[in-house]
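Student: Just so it is clear, I am handing over run-v7.cif, which has mmCIF, C-alpha atoms.
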data_input
#
loop_
_atom_site.label_atom_id
_atom_site.label_comp_id
_atom_site.auth_asym_id
_atom_site.auth_seq_id
_atom_site.Cartn_x
_atom_site.Cartn_y
_atom_site.Cartn_z
CA MET P 1 116.18 -160.02 -42.28
CA GLY P 2 112.41 -159.60 -42.66
CA LYS P 3 112.65 -159.47 -46.49
CA ARG P 4 114.87 -162.53 -46.72
CA SER P 5 112.45 -164.50 -44.53
CA LEU P 6 109.50 -163.58 -46.71
CA ARG P 7 111.29 -164.70 -49.84
CA ARG P 8 112.34 -168.01 -48.27
CA PHE P 9 108.86 -168.88 -47.06
CA GLY P 10 107.33 -167.69 -50.29
CA VAL P 11 108.84 -170.51 -52.37
CA GLY P 12 106.48 -173.45 -52.25
CA PHE P 13 105.05 -172.61 -48.88
CA GLY P 14 101.87 -170.58 -49.53
CA ALA P 15 100.41 -171.15 -46.07
CA GLY P 16 103.63 -170.08 -44.36
CA ARG P 17 103.83 -166.97 -46.51
CA ALA P 18 100.25 -166.10 -45.55
CA LEU P 19 101.10 -166.52 -41.88
CA VAL P 20 104.11 -164.20 -42.13
CA ILE P 21 102.16 -161.54 -44.04
CA GLY P 22 99.40 -161.81 -41.45
CA ALA P 23 101.92 -161.28 -38.68
CA VAL P 24 103.34 -158.23 -40.45
CA LEU P 25 99.85 -156.76 -40.91
CA ALA P 26 99.07 -157.42 -37.25
CA ALA P 27 102.26 -155.64 -36.23
CA VAL P 28 101.31 -152.66 -38.41
CA ALA P 29 97.88 -152.55 -36.74
CA VAL P 30 99.27 -152.44 -33.20
CA PRO P 31 99.81 -148.64 -33.10
CA GLY P 32 96.04 -148.25 -33.40
CA VAL P 33 95.77 -149.48 -29.81
CA ALA P 34 97.31 -146.13 -28.73
CA HIS P 35 93.98 -144.47 -29.55
CA ALA P 36 92.13 -146.40 -26.85
CA ASN P 37 90.96 -144.64 -23.69
CA THR P 38 91.28 -145.95 -20.14
CA VAL P 39 89.78 -142.85 -18.50
CA SER P 40 86.75 -143.66 -16.38
CA VAL P 41 84.87 -141.70 -13.74
CA THR P 42 82.43 -142.38 -10.92
CA VAL P 43 80.34 -139.55 -9.52
CA LYS P 44 79.93 -139.52 -5.74
CA THR P 45 77.44 -137.42 -3.80
CA PRO P 46 76.17 -137.67 -0.23
CA GLY P 47 72.95 -135.82 -0.93
CA ALA P 48 71.84 -132.42 0.28
CA THR P 49 72.93 -130.45 3.33
CA ALA P 50 70.38 -127.93 4.55
CA GLY P 51 71.08 -124.22 4.94
CA PRO P 52 72.18 -121.56 5.33
CA SER P 53 69.46 -120.73 7.83
CA THR P 54 70.66 -117.21 8.63
CA THR P 55 71.48 -114.26 6.38
CA PHE P 56 75.04 -113.43 5.33
CA SER P 57 76.37 -116.88 6.22
CA GLU P 58 77.35 -120.15 4.55
CA ILE P 59 77.32 -123.90 4.96
CA SER P 60 80.03 -126.30 3.78
CA THR P 61 79.45 -129.85 2.62
CA HIS P 62 81.63 -132.39 0.82
CA ALA P 63 81.63 -135.38 -1.53
CA ASP P 64 84.39 -137.97 -1.30
CA CYS P 65 86.00 -140.51 -3.61
CA SER P 66 86.28 -144.00 -2.14
CA SER P 67 88.51 -144.87 -5.10
CA GLY P 68 90.16 -142.80 -7.78
CA LEU P 69 91.25 -139.16 -7.63
CA ILE P 70 89.33 -135.92 -7.97
CA SER P 71 89.34 -134.58 -11.53
CA GLY P 72 86.55 -132.10 -10.86
CA GLY P 73 83.35 -131.61 -8.99
CA GLY P 74 80.20 -129.60 -8.67
CA ILE P 75 77.34 -128.29 -6.59
CA ASP P 76 73.57 -128.07 -6.97
CA GLN P 77 71.32 -125.96 -4.76
CA ALA P 78 67.68 -126.08 -3.75
CA ILE P 79 66.40 -122.53 -3.34
CA GLY P 80 62.63 -122.67 -2.90
CA THR P 81 60.27 -120.19 -4.56
CA GLY P 82 59.29 -116.55 -4.25
CA MET P 83 61.47 -113.58 -3.41
CA THR P 84 63.43 -115.37 -0.69
CA SER P 85 64.74 -117.84 -3.30
CA ASN P 86 67.04 -115.07 -4.50
CA GLY P 87 69.06 -115.31 -1.28
CA ASN P 88 70.80 -118.64 -1.91
CA HIS P 89 73.92 -118.77 -4.08
CA VAL P 90 77.09 -120.78 -4.65
CA ASN P 91 79.98 -119.55 -2.51
CA GLY P 92 82.43 -122.28 -3.46
CA THR P 93 82.97 -125.43 -5.50
CA GLU P 94 86.53 -126.64 -4.94
CA PRO P 95 88.94 -129.50 -4.15
CA SER P 96 89.96 -130.28 -0.58
CA SER P 97 92.59 -132.41 1.13
CA ASP P 98 90.22 -133.88 3.70
CA GLY P 99 86.64 -132.74 3.07
CA SER P 100 86.82 -129.65 5.28
CA THR P 101 90.13 -127.86 4.81
CA GLU P 102 90.31 -125.20 2.09
CA TYR P 103 93.31 -124.10 0.06
CA THR P 104 93.33 -120.35 0.77
CA GLY P 105 96.94 -119.66 1.78
CA SER P 106 99.97 -119.33 -0.49
CA THR P 107 99.43 -119.70 -4.23
CA GLY P 108 100.95 -122.34 -6.50
CA VAL P 109 100.77 -126.12 -6.19
CA VAL P 110 98.80 -126.59 -2.97
CA GLY P 111 97.85 -130.27 -2.97
CA THR P 112 98.37 -133.65 -4.60
CA ASP P 113 96.10 -136.63 -5.21
CA ASN P 114 93.02 -134.99 -3.69
CA THR P 115 89.96 -137.19 -3.17
CA HIS P 116 87.49 -134.69 -1.67
CA TRP P 117 85.28 -131.95 -3.13
CA LEU P 118 83.65 -129.08 -1.25
CA GLY P 119 80.29 -127.53 -2.07
CA ILE P 120 79.74 -124.28 -0.19
CA GLY P 121 76.39 -122.52 -0.20
CA GLY P 122 75.97 -118.91 0.87
CA SER P 123 73.11 -116.58 1.69
CA GLY P 124 72.39 -112.94 1.01
CA GLY P 125 69.75 -110.84 2.69
CA ALA P 126 67.03 -113.50 2.63
CA VAL P 127 66.75 -117.17 3.63
CA ASN P 128 64.08 -119.84 3.65
CA SER P 129 63.79 -123.41 4.87
CA SER P 130 64.22 -124.84 1.35
CA PHE P 131 67.89 -123.81 1.07
CA SER P 132 70.37 -126.66 0.63
CA SER P 133 73.52 -127.59 -1.27
CA THR P 134 74.49 -130.95 -2.78
CA PRO P 135 78.16 -131.54 -3.67
CA TYR P 136 79.40 -133.84 -6.44
CA ALA P 137 82.86 -135.40 -6.65
CA VAL P 138 84.01 -136.64 -10.05
CA CYS P 139 86.31 -139.54 -9.18
CA PHE P 140 88.83 -140.19 -11.94
CA SER P 141 90.95 -143.19 -12.89
CA SER P 142 93.34 -143.73 -15.79
CA ASN P 143 96.07 -146.26 -16.55
CA LEU P 144 98.30 -143.31 -17.48
CA ILE P 145 97.37 -140.43 -15.18
CA ASN P 146 97.70 -141.97 -11.72
CA HIS P 147 98.56 -138.78 -9.84
CA THR P 148 97.12 -135.27 -9.80
CA GLN P 149 98.06 -131.89 -8.39
CA THR P 150 96.00 -128.84 -7.47
CA VAL P 151 97.13 -125.32 -8.33
CA MET P 152 95.57 -122.29 -6.63
CA ASN P 153 95.65 -118.61 -7.50
CA LYS P 154 93.78 -115.71 -5.90
CA VAL P 155 93.06 -112.01 -6.20
CA ALA P 156 92.00 -109.47 -3.57
CA ALA P 157 88.80 -108.50 -5.39
CA PRO P 158 86.07 -107.51 -6.06
CA SER P 159 85.72 -104.79 -3.44
CA ASN P 160 83.24 -102.41 -5.11
CA SER P 161 79.63 -103.06 -6.07
CA ALA P 162 78.86 -104.53 -9.50
CA THR P 163 82.54 -105.26 -10.14
CA LEU P 164 84.51 -108.39 -10.98
CA GLY P 165 87.45 -110.18 -9.43
CA VAL P 166 89.13 -112.41 -12.02
CA THR P 167 91.94 -114.84 -11.27
CA THR P 168 93.46 -117.76 -13.20
CA ALA P 169 95.32 -120.85 -12.00
CA THR P 170 97.65 -122.43 -14.58
CA CYS P 171 98.92 -126.02 -14.65
CA PRO P 172 102.67 -126.68 -14.53
CA ALA P 173 104.45 -127.30 -17.82
CA ASN P 174 104.08 -130.79 -19.33
CA THR P 175 100.85 -131.55 -17.49
CA VAL P 176 97.21 -131.48 -18.60
CA LEU P 177 94.23 -129.70 -17.07
CA LEU P 178 91.51 -132.06 -15.84
CA GLY P 179 89.17 -129.65 -14.05
CA GLY P 180 88.90 -126.77 -11.63
CA GLY P 181 86.86 -124.76 -9.18
CA ALA P 182 86.11 -121.37 -7.66
CA ARG P 183 85.61 -119.75 -4.27
CA THR P 184 84.90 -116.29 -2.81
CA THR P 185 85.28 -115.09 0.78
CA PRO P 186 84.04 -113.81 3.20
CA ALA P 187 80.48 -115.11 3.46
CA SER P 188 79.54 -112.13 5.63
CA VAL P 189 79.48 -110.00 2.47
CA GLY P 190 76.19 -111.45 1.26
CA SER P 191 76.37 -109.91 -2.21
CA LEU P 192 79.76 -111.53 -2.92
CA LYS P 193 79.81 -114.79 -4.88
CA PRO P 194 81.66 -116.63 -7.68
CA ILE P 195 79.67 -116.24 -10.91
CA ALA P 196 82.05 -118.09 -13.23
CA SER P 197 84.33 -121.11 -13.12
CA PHE P 198 85.73 -122.23 -16.49
CA PRO P 199 88.64 -123.75 -18.47
CA THR P 200 90.91 -121.44 -20.42
CA PHE P 201 94.46 -120.96 -21.72
CA ASP P 202 97.41 -118.99 -20.43
CA ASN P 203 98.08 -117.32 -23.79
CA SER P 204 97.46 -114.05 -25.58
CA ALA P 205 94.61 -115.47 -27.69
CA HIS P 206 92.63 -115.98 -24.48
CA ASP P 207 93.98 -112.83 -22.83
CA TYR P 208 95.70 -115.00 -20.27
CA GLY P 209 92.51 -116.43 -18.84
CA GLN P 210 90.14 -113.49 -19.37
CA LYS P 211 88.52 -115.32 -22.31
CA ALA P 212 87.15 -118.81 -21.77
CA ALA P 213 87.98 -121.90 -23.81
CA ALA P 214 85.62 -122.28 -26.76
CA ASP P 215 83.68 -125.29 -27.98
CA GLY P 216 86.00 -127.78 -29.68
CA GLU P 217 89.27 -126.41 -28.31
CA THR P 218 91.70 -128.98 -26.93
CA ASN P 219 94.05 -129.21 -23.99
CA PRO P 220 93.36 -126.00 -22.05
CA ASP P 221 96.03 -125.42 -19.42
CA SER P 222 94.29 -123.09 -16.96
CA TRP P 223 91.16 -122.49 -14.90
CA THR P 224 89.58 -119.09 -14.26
CA ALA P 225 87.29 -118.04 -11.41
CA VAL P 226 85.28 -114.82 -11.46
CA GLY P 227 83.99 -113.20 -8.28
CA TRP P 228 81.04 -110.75 -8.45
CA ASN P 229 80.15 -108.19 -5.83
CA GLY P 230 76.49 -107.39 -6.29
CA GLY P 231 75.70 -104.46 -4.07
CA GLY P 232 77.96 -104.36 -1.04
CA GLY P 233 81.50 -103.38 -0.26
CA GLY P 234 84.13 -105.44 1.49
CA THR P 235 87.77 -104.62 2.04
CA THR P 236 88.83 -108.27 2.47
CA ASN P 237 86.95 -109.79 -0.48
CA THR P 238 88.98 -112.50 -2.21
CA THR P 239 88.39 -114.69 -5.26
CA PHE P 240 90.17 -118.05 -5.59
CA ALA P 241 90.71 -120.22 -8.69
CA TYR P 242 91.70 -123.90 -8.58
CA ALA P 243 93.17 -125.96 -11.44
CA ILE P 244 93.36 -129.74 -11.15
CA CYS P 245 96.24 -131.01 -13.28
CA SER P 246 97.94 -134.30 -14.02
CA GLY P 247 100.81 -135.22 -11.73
CA SER P 248 104.44 -134.38 -12.40
CA GLY P 249 106.58 -136.75 -14.46
CA ILE P 250 103.73 -138.32 -16.45
CA ASN P 251 104.13 -138.34 -20.24
CA VAL P 252 100.84 -136.75 -21.34
CA SER P 253 101.84 -136.14 -24.97
CA GLY P 254 99.13 -138.55 -26.16
CA VAL P 255 96.36 -137.14 -23.95
CA THR P 256 93.50 -135.10 -25.41
CA VAL P 257 91.18 -133.06 -23.21
CA LYS P 258 88.45 -131.58 -25.39
CA VAL P 259 86.23 -128.67 -24.43
CA HIS P 260 82.52 -128.62 -25.15
CA TYR P 261 80.71 -125.35 -24.51
CA SER P 262 77.23 -123.90 -24.80
CA GLU P 263 75.65 -120.52 -24.09
CA ALA P 264 71.98 -119.60 -23.66
CA SER P 265 70.29 -116.23 -23.34
CA GLY P 266 68.88 -115.37 -19.92
CA PRO P 267 67.70 -115.38 -17.24
CA THR P 268 66.48 -111.81 -17.69
CA SER P 269 63.36 -111.50 -15.50
CA ALA P 270 63.62 -110.98 -11.76
CA THR P 271 63.53 -114.09 -9.56
CA THR P 272 63.91 -116.56 -12.42
CA GLY P 273 66.39 -119.27 -13.29
CA GLN P 274 67.99 -120.80 -16.35
CA THR P 275 69.73 -124.11 -17.01
CA VAL P 276 72.11 -124.86 -19.86
CA THR P 277 73.61 -128.29 -20.61
CA VAL P 278 76.42 -129.58 -22.82
CA GLY P 279 77.73 -133.10 -23.43
CA CYS P 280 80.91 -134.91 -24.47
CA GLY P 281 79.47 -136.88 -27.39
CA THR P 282 82.19 -139.23 -28.62
CA ASP P 283 85.10 -137.05 -27.49
CA GLY P 284 86.16 -138.93 -24.40
CA SER P 285 84.99 -139.35 -20.84
CA LEU P 286 83.45 -136.48 -18.90
CA VAL P 287 85.98 -135.51 -16.21
CA SER P 288 84.74 -132.09 -15.10
CA GLY P 289 82.85 -128.97 -16.06
CA GLY P 290 82.20 -125.33 -15.30
CA ALA P 291 79.47 -122.71 -15.46
CA ALA P 292 78.89 -118.96 -15.52
CA ILE P 293 76.28 -116.22 -15.55
CA SER P 294 77.73 -113.47 -17.70
CA GLY P 295 77.37 -110.64 -20.15
CA GLY P 296 77.76 -113.15 -23.02
CA SER P 297 80.35 -114.01 -25.70
CA VAL P 298 82.77 -115.20 -23.03
CA THR P 299 84.87 -117.24 -25.48
CA THR P 300 85.52 -114.33 -27.85
CA THR P 301 85.77 -111.33 -25.49
CA ASP P 302 87.11 -110.75 -22.01
CA PHE P 303 84.61 -111.85 -19.37
CA THR P 304 81.97 -109.28 -18.49
CA GLY P 305 79.45 -109.35 -15.70
CA PRO P 306 75.72 -110.04 -16.13
CA GLY P 307 73.03 -107.41 -16.24
CA SER P 308 72.27 -107.16 -12.52
CA GLY P 309 74.28 -107.21 -9.30
CA GLY P 310 72.04 -109.88 -7.82
CA ASP P 311 72.66 -112.46 -10.56
CA HIS P 312 74.31 -115.61 -9.30
CA LEU P 313 75.04 -119.32 -9.75
CA ASN P 314 72.93 -122.01 -8.10
CA GLY P 315 74.58 -124.99 -9.74
CA SER P 316 77.39 -126.50 -11.79
CA TYR P 317 77.17 -130.30 -11.83
CA PRO P 318 77.36 -133.57 -13.81
CA SER P 319 73.95 -134.35 -15.31
CA ASP P 320 71.91 -136.24 -17.84
CA SER P 321 71.03 -134.75 -21.22
CA SER P 322 67.98 -133.02 -19.72
CA GLY P 323 70.01 -131.23 -17.05
CA ASN P 324 69.04 -133.45 -14.12
CA PRO P 325 71.87 -134.11 -11.64
CA VAL P 326 73.18 -137.68 -11.72
CA GLY P 327 72.93 -139.94 -8.69
CA ASP P 328 75.54 -141.31 -6.34
CA GLY P 329 77.72 -143.97 -7.96
CA THR P 330 76.93 -143.00 -11.55
CA THR P 331 79.62 -144.23 -13.96
CA SER P 332 78.06 -143.02 -17.21
CA ALA P 333 77.75 -139.26 -16.70
CA ALA P 334 78.36 -137.55 -20.05
CA TYR P 335 76.83 -134.07 -19.60
CA TRP P 336 77.45 -130.99 -17.48
CA THR P 337 74.79 -128.45 -16.47
CA GLY P 338 74.98 -124.88 -15.26
CA TYR P 339 72.09 -123.48 -13.20
CA THR P 340 71.88 -119.67 -13.00
CA HIS P 341 69.48 -117.27 -11.32
CA THR P 342 68.67 -113.58 -11.16
CA GLY P 343 68.07 -111.64 -7.98
CA GLY P 344 65.14 -109.41 -7.20
CA ALA P 345 65.65 -107.19 -10.24
CA GLY P 346 65.44 -107.73 -13.97
CA SER P 347 68.69 -108.45 -15.79
CA THR P 348 68.95 -107.47 -19.47
CA ASN P 349 71.68 -108.82 -21.73
CA THR P 350 72.41 -111.70 -19.37
CA TYR P 351 73.62 -115.13 -20.50
CA SER P 352 74.19 -118.57 -19.02
CA ASP P 353 77.28 -120.59 -19.93
CA VAL P 354 78.43 -124.16 -19.40
CA TRP P 355 81.57 -126.17 -20.17
CA ALA P 356 82.33 -129.90 -20.19
CA LEU P 357 85.86 -131.31 -20.25
CA CYS P 358 86.12 -134.66 -22.02
CA ALA P 359 89.34 -136.70 -21.67
CA ASN P 360 91.05 -139.42 -23.70
CA ASP P 361 94.36 -140.63 -22.27
CA GLY P 362 95.38 -142.45 -25.48
CA VAL P 363 96.38 -145.59 -23.59
#
Output the file's structure as structure tokens, nothing else.
Tutor:
Amino acid sequence: MGKRSLRRFGVGFGAGRALVIGAVLAAVAVPGVAHANTVSVTVKTPGATAGPSTTFSEISTHADCSSGLISGGGIDQAIGTGMTSNGNHVNGTEPSSDGSTEYTGSTGVVGTDNTHWLGIGGSGGAVNSSFSSTPYAVCFSSNLINHTQTVMNKVAAPSNSATLGVTTATCPANTVLLGGGARTTPASVGSLKPIASFPTFDNSAHDYGQKAAADGETNPDSWTAVGWNGGGGGTTNTTFAYAICSGSGINVSGVTVKVHYSEASGPTSATTGQTVTVGCGTDGSLVSGGAAISGGSVTTTDFTGPGSGGDHLNGSYPSDSSGNPVGDGTTSAAYWTGYTHTGGAGSTNTYSDVWALCANDGV
């Protein structure tokens, strides 16, 4: 019918023919709309919560989405200066159902449509009045992905000094990974802390989560957390990983979540820190990120620990291009920063790693 109409209007009716051709061209151009992106995020943060004020303890604080759903979140710590600065470290950065409750029970899908993010700061054998933790909630909206689900996995490790506990949470089939988090318990083991929280894949190429997603990879399906036991024991030590995934029953075949990753050498001297930052560029909206202090080459080899038992994370958060945390209500965050720190000893062959997840829903 379309061909007959073109012929009929083409005889003696040049303007009509032009209109029909224009309509056909417009119809051909419509599929291009599928490459648009309705993903947007707003970062929420309440500011800093002081503490811990005693050794071998922790404080919990939270950031909350007034609209949208959690796609990820972060934490940034103030630690002061001098030897006591080594005592503050991240104990947890994770989703929550209400801003206080943690998912630490049975594994699997543990929550849906979460709107709260926990930032948990822990202490080792030293404290000072400068210690604080600031949580960041990345509040996500999309015309396509209007529901999310949280998957948790855990491992009873690490129990020995200078050893790792590695666990990976994987999204259900036919969903996409949006972000994730990590947690270690108990706080009373002051040398225990999560030193890595990153996107990965549940496949042999990534050793089923032991290797992190590399720069430029797309649509990771899992999130890995690595616990590190610096110098103490602990028979009940546990490491938790959290994956935030799209909700069930959503057609995500047109969604692209792209990984951006960067690694920097250090910190290697005692009582020093290092920041490393990576951005999304033009590859979608920043929806989450992760960070690690490691033995390096984490995207090509199984994760290895850093050079010293006291090495730890002090931050993993949305930032500007210079690594400064963004403020409450920011809608243009496009970078993620990892903030790492040594303990009281030097740390050779130590690296700092950061990941940004950048989403395009194709709507």
Student: How far is it from CA of Cys139 in chain P to CA of Val276 in chain P, in Å with one decimal?
Tutor: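 Result for CA of Cys139 in chain P versus CA of Val276 in chain P: 23.0 Å, one decimal.
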Student: I need the residue nearest Thr301 in chain P from this list: P:Thr331, P:Thr268, P:Gln210, P:Ser246. Use all atoms listed in the file for the distance.
Tutor: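 Result for the nearest residue to Thr301 in chain P: P:Gln210.
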Student: Can you tell me which residues surround Gly82 in chain P at a distance of at most 9 Å, considering all atoms listed in the file, apart from same-chain residues fewer than 3 positions away, and format the answer as a list in words?
Tutor: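 Listed by chain and then number, they are Ser85, Asn86 and Thr271 of chain P.
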Student: In Å, how far is it from CA of Thr275 in chain P to CA of Gly315 in chain P?
Tutor: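 Result for CA of Thr275 in chain P versus CA of Gly315 in chain P: 8.8 Å, one decimal.
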Student: When you look at Ser332 in chain P with a cut-off of 12 Å (counting all atoms listed in the file), what residues show up, excluding the ones that are within fewer than 2 positions of it in the same chain? I need them as a PyMOL selection string.
Tutor: chain P and resi 39-43+138+279-281+284-287+318-321+326-330+334-335
Student: Using the chain letters and numbers from the file, which residues does the PyMOL selection byres ((chain P and resi 191) around 10) grab, as a ChimeraX atom specification?
Tutor: /P:56,87,89,122-125,161-162,187-190,192-193,228-234,309-312
Student: Deliver the residues from the most recent selection as a file, using C-alpha atoms, as a PDB file, in the coordinates of the input.
Tutor:
ATOM      1  CA  PHE P  56      75.040-113.430   5.330  1.00  0.00           C
ATOM      2  CA  GLY P  87      69.060-115.310  -1.280  1.00  0.00           C
ATOM      3  CA  HIS P  89      73.920-118.770  -4.080  1.00  0.00           C
ATOM      4  CA  GLY P 122      75.970-118.910   0.870  1.00  0.00           C
ATOM      5  CA  SER P 123      73.110-116.580   1.690  1.00  0.00           C
ATOM      6  CA  GLY P 124      72.390-112.940   1.010  1.00  0.00           C
ATOM      7  CA  GLY P 125      69.750-110.840   2.690  1.00  0.00           C
ATOM      8  CA  SER P 161      79.630-103.060  -6.070  1.00  0.00           C
ATOM      9  CA  ALA P 162      78.860-104.530  -9.500  1.00  0.00           C
ATOM     10  CA  ALA P 187      80.480-115.110   3.460  1.00  0.00           C
ATOM     11  CA  SER P 188      79.540-112.130   5.630  1.00  0.00           C
ATOM     12  CA  VAL P 189      79.480-110.000   2.470  1.00  0.00           C
ATOM     13  CA  GLY P 190      76.190-111.450   1.260  1.00  0.00           C
ATOM     14  CA  LEU P 192      79.760-111.530  -2.920  1.00  0.00           C
ATOM     15  CA  LYS P 193      79.810-114.790  -4.880  1.00  0.00           C
ATOM     16  CA  TRP P 228      81.040-110.750  -8.450  1.00  0.00           C
ATOM     17  CA  ASN P 229      80.150-108.190  -5.830  1.00  0.00           C
ATOM     18  CA  GLY P 230      76.490-107.390  -6.290  1.00  0.00           C
ATOM     19  CA  GLY P 231      75.700-104.460  -4.070  1.00  0.00           C
ATOM     20  CA  GLY P 232      77.960-104.360  -1.040  1.00  0.00           C
ATOM     21  CA  GLY P 233      81.500-103.380  -0.260  1.00  0.00           C
ATOM     22  CA  GLY P 234      84.130-105.440   1.490  1.00  0.00           C
ATOM     23  CA  GLY P 309      74.280-107.210  -9.300  1.00  0.00           C
ATOM     24  CA  GLY P 310      72.040-109.880  -7.820  1.00  0.00           C
ATOM     25  CA  ASP P 311      72.660-112.460 -10.560  1.00  0.00           C
ATOM     26  CA  HIS P 312      74.310-115.610  -9.300  1.00  0.00           C
TER      27      HIS P 312
END
